[in-house]
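Asker: First, the structure itself, so that you have it in front of you.
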Amino acid sequence: MIYYKTNDNWFGDVRHLAKSWTMVRIMRSVGVIGLYAAVVCLSVELLGLGQFITINTSVFSLLGVILSILLVFRTNSAYDRWWEARKQWGALVNNTRNMAIYVHSMFPAEDKAVRRFMGKHIANFCLALVEHLRSGVKLESLIYLTEEEKEVFASKAHIPNHIALLIFQRLAEAHRQGIINEGDYINIKAQHQSLLDILGACERIKKTPIPFSYAVYLKIFITAYGLLLPFALVNTFHLMSIPLSMFIFFALLGVELLGEEIEDPFGLDCNDLPTGDIAHTIKGNIFEILEARHPESRARELYDKVF
Amino acid sequence: MIYYKTNDNWFGDVRHLAKSWTMVRIMRSVGVIGLYAAVVCLSVELLGLGQFITINTSVFSLLGVILSILLVFRTNSAYDRWWEARKQWGALVNNTRNMAIYVHSMFPAEDKAVRRFMGKHIANFCLALVEHLRSGVKLESLIYLTEEEKEVFASKAHIPNHIALLIFQRLAEAHRQGIINEGDYINIKAQHQSLLDILGACERIKKTPIPFSYAVYLKIFITAYGLLLPFALVNTFHLMSIPLSMFIFFALLGVELLGEEIEDPFGLDCNDLPTGDIAHTIKGNIFEILEARHPESRARELYDKVF
Amino acid sequence: MIYYKTNDNWFGDVRHLAKSWTMVRIMRSVGVIGLYAAVVCLSVELLGLGQFITINTSVFSLLGVILSILLVFRTNSAYDRWWEARKQWGALVNNTRNMAIYVHSMFPAEDKAVRRFMGKHIANFCLALVEHLRSGVKLESLIYLTEEEKEVFASKAHIPNHIALLIFQRLAEAHRQGIINEGDYINIKAQHQSLLDILGACERIKKTPIPFSYAVYLKIFITAYGLLLPFALVNTFHLMSIPLSMFIFFALLGVELLGEEIEDPFGLDCNDLPTGDIAHTIKGNIFEILEARHPESRARELYDKVF
Amino acid sequence: MIYYKTNDNWFGDVRHLAKSWTMVRIMRSVGVIGLYAAVVCLSVELLGLGQFITINTSVFSLLGVILSILLVFRTNSAYDRWWEARKQWGALVNNTRNMAIYVHSMFPAEDKAVRRFMGKHIANFCLALVEHLRSGVKLESLIYLTEEEKEVFASKAHIPNHIALLIFQRLAEAHRQGIINEGDYINIKAQHQSLLDILGACERIKKTPIPFSYAVYLKIFITAYGLLLPFALVNTFHLMSIPLSMFIFFALLGVELLGEEIEDPFGLDCNDLPTGDIAHTIKGNIFEILEARHPESRARELYDKVF
Amino acid sequence: MIYYKTNDNWFGDVRHLAKSWTMVRIMRSVGVIGLYAAVVCLSVELLGLGQFITINTSVFSLLGVILSILLVFRTNSAYDRWWEARKQWGALVNNTRNMAIYVHSMFPAEDKAVRRFMGKHIANFCLALVEHLRSGVKLESLIYLTEEEKEVFASKAHIPNHIALLIFQRLAEAHRQGIINEGDYINIKAQHQSLLDILGACERIKKTPIPFSYAVYLKIFITAYGLLLPFALVNTFHLMSIPLSMFIFFALLGVELLGEEIEDPFGLDCNDLPTGDIAHTIKGNIFEILEARHPESRARELYDKVF
């Protein structure tokens, strides 16, 4: 994710243009359409074919408005996913912090083992989730795992599920032994439950893009629109049609590609959510609460970026 | 459901075009309107009837904008259903996973019978729901049913209801006998309650399409628009009106048919939700938690697709 | 409510046209505007008054776009009510089913009286709600009421409230006597609470239409637009203005009337929710759970329609 | 609030026009713009200044569309507040009814004092809220207050807060003394908590109008648009520009003023919510449940209006 | 935040124009575009370059509509953040009030220490949150801190987290010692949990602006549009193009800048939320409930503004 400041100077943002892969992609496509429009317009102008072309801008205006209305629908649905994903990771921050506070308050102050156990597994849940939403959990990215645990983890198909199970088993055990009381047990359940709720919501966002037919429909629409555009403009605007085609195509294609970019927000694209940074910040927060550990400088720096 | 990757190459998606039945249907309707427009335009041009036609594009532009605004309303409401249905099935995944974790943590470790009982009935609830939302539950698609259970199930009008009852009766029984304690009993209720909440939400989505009058109104509007379109275009664009009519009709009809397609997301159309796959994945997840069973390869493959 | 199948053949829906009272109303209004346009256009054409009319379509295009944007706002708010009402009734289904399951699981198996009591009052709550949202509860539509109960009910201003009170009093009584335990008591409260929450939400939808000023504003706007429309069209389209006026008026008035129709979804109009059918299905569901009664054929048939 | 029936006859609504202060205000502004347009058009026509005016409708069409899109955003946000406020008051109805039911079920049947105490303070909470959202609580509008209570109330800065405190203190006291049990105490807390949640939400809606810059921006936009409009129209439409200016201004200004009207829904404007009526109905409902009091005729009449 | 009254006189609002920094910024940009347009138009007119310019308004109309549709999407997302932030602070008010009521009701009446402790830390949580969402917590803005506490606080990376921990530890301690009972402990947890939920939501809003690519895309679009606009207008409107360019640019740029302004609502800009005032009002409310302290005049005045 590119960190930037809103409300700053206008051209400051434009400067980072090349960093956004999608902006590069848009610009490249606009260049292609420019070339295509140049070929069309020059042929028409030089060979004097204008008389055979009877389409004009009025129909393209209508089609452009229809298309842009559809594109906003598409943008809304893509943005909603992106924002919901951000909300889920925000909820993960809240719930893990609260969980750490409850663990710290409800277990006897001298029981350092349970604090270490909880800190480790909650942090691992978040770290595992980062990779789980990309290409699969890498055990080496988890912390404090014993060799034995590594073996068990490796045999599981769904590692975050397993970690959630470990955390709850420990709580249920402590409750049965009377170490934590009824109220605490009922209270902390909401936080534990949210772990899998967040996990499931992120899986849903990742695995369910916009329905296939919509994606195809829009691509056909935009492609056809782009191909016919120079013909619609050339008789009125002559060579000016080339930049105008590029501008209109920039407007329409841009929305589509930006929508595609943010639809899957868990990857490493420049507009994707900084899930890795968030997970590390959670780790710092939890250990600060549970073990009064002072976060190392890296954590502080992350902190400034993400929270 | 067609699985595809966003953000990939542009024409990759267009290639799968023929797989989407709705896209085929759109293309077919566009072909019909093309034929119709051809007949109209050729008649007008050859017989020189242009002078009798006084309508032009300005009014059709207005009507096109009105229509497209309405169609986006229709698309939004259809998409909201589809996405809500996906959310409900996502919640089913979360809640069944959590339920398995709570069952596994709160019952004594040596009680294998209750784990088998819960795993079987939770999985059956999901498998039954898949068919319940199509044409009715098929008992042979459920797992581990004894002959006796099959008979009881066959006598019930609403099988998922009955399964939910069985699950809760077992929990209430265990609570009364002191096998599970108060806190666990209160905690697991939220997950159980969600089973029927999800079921009811899916039934609602399936049985309540957009109000009848809206559906009829839009169909009349689109049909009338399509029939008059060639007349509006022919005097200005002559034979070019044929492809232009097709393009405009493609834009407007496409939105309507795509909306119809995703409105009932539980069937077997190519954009419908993969409820069957989700149910099987839930089965795998639950038994992994409850019986430490390693998911068979099929489950893994499903897993990659759905989660 | 008209039951129909989406995604079926196109003209199948159009066939039921006359069944929808609002569609009839729209068509009638369109006819009136057609007559009016005919008078205007014929007068202008025959008397050669065209030169005195200087308005043209450009301004009406702008006004049409503004109007249609407003109408979509109006449609959205009406549809949201309709859909929220459907959600509330869906929640009623879920919560009464869950309530029946909890009652059946938590009371001793041999206590048939409490099952009959709960089944009767939960069903009556739903049946009463149907009429409460129309013209007031009719006692004869409730089931199993003793004469004594009828008298008490008749003396109450708000019968659903009273039924909810009866249900909770019975639960609280059983809890005080130790028949049901703490966990069950806390668990079932969420379902009971939802009864009045749903009731209140439906009352809110019924008694709060869109603010009066909006309704009046839109009516003035549409009326003025319709009255001026033929004048704007006649100089360009001559006699063609008559069908064009009708088409444009169809597009704009249709949205307004459809919005009005679904705004109060609890009546007996053809697009209103089938609340009566839902209530009867709930009755069937509850008694199937509580008394293992096999639903009669009528219930089954309803079931296919509603769920 | 003006009570009216949707779906009735068209001109029935238009008849109440003068009752809506905002409609009057819109009409007055439209009259002013008409005068202004008359002056402009007559000067231009009579003095033959038309040749110096080069602006035409095309640009104003674009600006009109932009403006109307913005106005719908504004309308949506204002309507959302109005509707959320209505939802909050609906929730107040639900929660106070449920609270009355729980109080009536959980306290010993012979304890009339607590029923009177609760009925009085819940009703007072609602009555106080009505005035609190206008110009401040008036003690004389509250019921059954002793002189002593009046003095205490008068010393408080935030009276609804204080009432909520009194209610909860009584519940906590009864719980400590064992009069109500654990389950009841946990159950009723949700209803009590909602009192302040609703209060806070209403305060938020009241005290946070749309951001100041948006309000100013829209006013400048509309004013400039209205002032330039006659110049844009006069060359094409001559004297017809006067009614056309008025119509366009009616369309745009109407949305803005309607938005302003419903933004603060707690006052006494004709589209404001009938909070006073709702509060009195709640009072009737509560005492019907708690003391089996028959509502007086006034309550019944209110009831028909509000619920 | 600028406090103003809706529904007042029209020009009253316009008068405060200069107070809104964003309005100033918009006006300045509009001035720049005016200068630019003047240079373009004068050159074209005086040097007679009009014949080389073939672009006209039709294409710019289309692009303007597309742009304004996108800008409304942008406005919606920015406004949603602003409004969600306001909701979170509203929830903070509700939850801290409720928390104070529960603390006051559940601890023995004579325990003044716990009331002071809770009042201080709840108030400090809010005061810390204000600065935490700007440039970091300033310890001197917190109240009643002992030197010892100050040292501990200074060593923490995340002070609101630490305060939430202190509050819950005190509650858990009291519960373990039997000072507060099970029901109270379970009841108050919801309020405590919400503290960190609100904190996390505010952090999320602050640190996640609209995706970078969208911001850049819109800036390029608007800049290009503004630069080409005078060329599109000059041939039709001659010198009139200057004010028209300014007006169109005002319409489009205004939306963008207003969106940017409200996107981060926690700062000290004139449209930002009055978080400082809210925090001080919470302080007053809490101490009124917990210690029956009469709010000083400053609090009352704040109160009138914020609640």
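Every chain in the structure tokens takes a letter, A first, then B, and so on in the order presented; its residues are numbered from 1, and the ligands are numbered from 1 following the presented order.
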Give me, as a tab-separated table (two decimals) with N, CA and C atoms, in the first residue's frame, the residues of chain D touching chain E, with the criterion being at most 6 Å (counting only C-alpha atoms).
Answerer:
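As a result, out_10.tsv now contains:
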```
chain	number	residue	atom	x	y	z
D	54	THR	N	-23.76	35.34	-25.41
D	54	THR	CA	-23.34	34.19	-26.22
D	54	THR	C	-23.50	32.86	-25.49
D	55	ILE	N	-23.92	32.89	-24.23
D	55	ILE	CA	-24.07	31.60	-23.54
D	55	ILE	C	-25.36	30.94	-24.03
D	62	LEU	N	-25.20	20.67	-18.89
D	62	LEU	CA	-24.15	19.96	-18.16
D	62	LEU	C	-24.15	20.36	-16.69
D	66	ILE	N	-24.82	17.99	-13.33
D	66	ILE	CA	-23.88	17.91	-12.20
D	66	ILE	C	-24.59	18.31	-10.90
D	165	LEU	N	-30.23	6.75	35.05
D	165	LEU	CA	-29.52	6.33	36.25
D	165	LEU	C	-30.48	5.83	37.32
D	169	GLN	N	-30.42	2.13	38.89
D	169	GLN	CA	-30.12	1.96	40.32
D	169	GLN	C	-31.18	1.09	40.99
D	182	GLU	N	-30.45	-13.39	38.70
D	182	GLU	CA	-29.34	-13.13	37.78
D	182	GLU	C	-29.79	-13.05	36.32
D	186	ILE	N	-29.48	-9.79	33.84
D	186	ILE	CA	-28.71	-9.76	32.59
D	186	ILE	C	-29.64	-9.47	31.41
D	196	LEU	N	-29.98	4.96	26.56
D	196	LEU	CA	-28.97	5.99	26.31
D	196	LEU	C	-28.41	5.90	24.90
D	197	ASP	N	-28.40	4.70	24.34
D	197	ASP	CA	-27.92	4.59	22.94
D	197	ASP	C	-28.84	5.38	22.01
D	200	GLY	N	-28.36	9.12	22.62
D	200	GLY	CA	-27.12	9.61	22.01
D	200	GLY	C	-27.24	9.72	20.50
D	203	GLU	N	-29.21	12.84	19.71
D	203	GLU	CA	-28.36	14.03	19.90
D	203	GLU	C	-27.39	14.20	18.73
D	207	LYS	N	-27.32	17.48	16.35
D	207	LYS	CA	-26.23	18.44	16.45
D	207	LYS	C	-25.21	18.37	15.32
D	211	PRO	N	-21.77	18.73	6.63
D	211	PRO	CA	-20.65	19.65	6.85
D	211	PRO	C	-20.93	21.03	6.25
D	216	VAL	N	-22.66	25.46	2.16
D	216	VAL	CA	-22.33	26.72	1.50
D	216	VAL	C	-22.09	26.51	0.01
D	260	GLU	N	-32.99	20.33	3.42
D	260	GLU	CA	-32.81	21.13	4.64
D	260	GLU	C	-33.92	20.86	5.64
```
Asker: Could you list, as a list in words, every residue within 10 Å of Val130 of chain D, counting only C-alpha atoms and ignoring same-chain residues fewer than 4 positions away?
Answerer: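 Listing them by chain and then by number gives Asn124, Phe125, Cys126, Arg134, Ser135, Gly136, Val137, Lys138, Ser141, Phe266, Gly267, Pro274, Thr275, Gly276, Asp277, Ile278 and Ala279 of chain D.
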Asker: For the residues selected in the previous step, produce a file with N, CA and C atoms as a JSON list (two decimals), in the first residue's frame.
Answerer:
```json
[["chain", "number", "residue", "atom", "x", "y", "z"],
["D", 124, "ASN", "N", -41.31, 9.09, 31.63],
["D", 124, "ASN", "CA", -40.65, 10.39, 31.74],
["D", 124, "ASN", "C", -39.41, 10.48, 30.87],
["D", 125, "PHE", "N", -38.70, 9.37, 30.76],
["D", 125, "PHE", "CA", -37.52, 9.38, 29.90],
["D", 125, "PHE", "C", -37.91, 9.80, 28.48],
["D", 126, "CYS", "N", -39.01, 9.21, 27.99],
["D", 126, "CYS", "CA", -39.44, 9.50, 26.62],
["D", 126, "CYS", "C", -39.96, 10.95, 26.51],
["D", 134, "ARG", "N", -35.51, 19.45, 21.52],
["D", 134, "ARG", "CA", -35.91, 20.77, 21.03],
["D", 134, "ARG", "C", -35.13, 21.83, 21.80],
["D", 135, "SER", "N", -35.77, 22.44, 22.78],
["D", 135, "SER", "CA", -35.06, 23.55, 23.42],
["D", 135, "SER", "C", -34.67, 23.25, 24.87],
["D", 136, "GLY", "N", -34.83, 22.03, 25.32],
["D", 136, "GLY", "CA", -34.46, 21.70, 26.69],
["D", 136, "GLY", "C", -35.67, 21.15, 27.44],
["D", 137, "VAL", "N", -35.41, 20.27, 28.39],
["D", 137, "VAL", "CA", -36.49, 19.58, 29.10],
["D", 137, "VAL", "C", -37.29, 20.58, 29.94],
["D", 138, "LYS", "N", -38.63, 20.48, 29.82],
["D", 138, "LYS", "CA", -39.49, 21.26, 30.70],
["D", 138, "LYS", "C", -40.04, 20.32, 31.76],
["D", 141, "SER", "N", -43.66, 19.02, 31.87],
["D", 141, "SER", "CA", -44.18, 18.04, 30.92],
["D", 141, "SER", "C", -43.98, 16.61, 31.42],
["D", 266, "PHE", "N", -36.47, 16.68, 14.64],
["D", 266, "PHE", "CA", -37.05, 16.62, 15.98],
["D", 266, "PHE", "C", -37.86, 17.85, 16.35],
["D", 267, "GLY", "N", -37.97, 18.80, 15.42],
["D", 267, "GLY", "CA", -38.66, 20.04, 15.75],
["D", 267, "GLY", "C", -40.16, 19.93, 15.57],
["D", 274, "PRO", "N", -43.31, 12.90, 14.60],
["D", 274, "PRO", "CA", -44.27, 13.19, 15.67],
["D", 274, "PRO", "C", -43.75, 12.64, 17.00],
["D", 275, "THR", "N", -42.60, 13.16, 17.46],
["D", 275, "THR", "CA", -41.99, 12.57, 18.66],
["D", 275, "THR", "C", -42.89, 12.71, 19.88],
["D", 276, "GLY", "N", -43.59, 13.84, 19.96],
["D", 276, "GLY", "CA", -44.51, 14.01, 21.10],
["D", 276, "GLY", "C", -45.58, 12.93, 21.11],
["D", 277, "ASP", "N", -46.20, 12.69, 19.96],
["D", 277, "ASP", "CA", -47.22, 11.66, 19.88],
["D", 277, "ASP", "C", -46.66, 10.29, 20.22],
["D", 278, "ILE", "N", -45.47, 10.01, 19.71],
["D", 278, "ILE", "CA", -44.87, 8.70, 20.00],
["D", 278, "ILE", "C", -44.66, 8.54, 21.50],
["D", 279, "ALA", "N", -44.13, 9.60, 22.14],
["D", 279, "ALA", "CA", -43.87, 9.51, 23.57],
["D", 279, "ALA", "C", -45.16, 9.24, 24.35]]
```
Asker: What does the distance from atom CA of Leu49 of chain D to atom CA of Pro243 of chain E come to in Å, to one decimal?
Answerer: 18.9 Å
Asker: So which residues of segment 107-230 of chain D fall under alpha helix (DSSP H) by DSSP, listed as a ChimeraX atom specification?
Answerer: /D:112-132,147-154,159-176,182-207,212-230
Asker: Find the residue from C:Ala201, C:Ala157, C:Leu142, C:Val32 that sits nearest to Gln88 of chain D; use only C-alpha atoms when measuring.
Answerer: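 With only C-alpha atoms as the atom set, the closest residue is C:Ala201.
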Asker: Could you work out how far atom CA of Glu45 of chain E lies from atom CA of Ile222 of chain E, giving the answer in Å with one decimal?
Answerer: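 Separating atom CA of Ile222 of chain E from atom CA of Glu45 of chain E is a distance of 25.1 Å.
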Asker: Neighbours of Gly226 of chain E within 10 Å (only C-alpha atoms; same-chain residues fewer than 5 positions away dropped), as a list of chain:residue names?
Answerer: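 The residues satisfying every condition are E:Val30, E:Ile33, E:Tyr36, E:Ala37, E:Ile220, E:Phe221, E:Phe231, E:Ser245, E:Met246, E:Ile248, E:Phe249, E:Leu252, E:Leu253.
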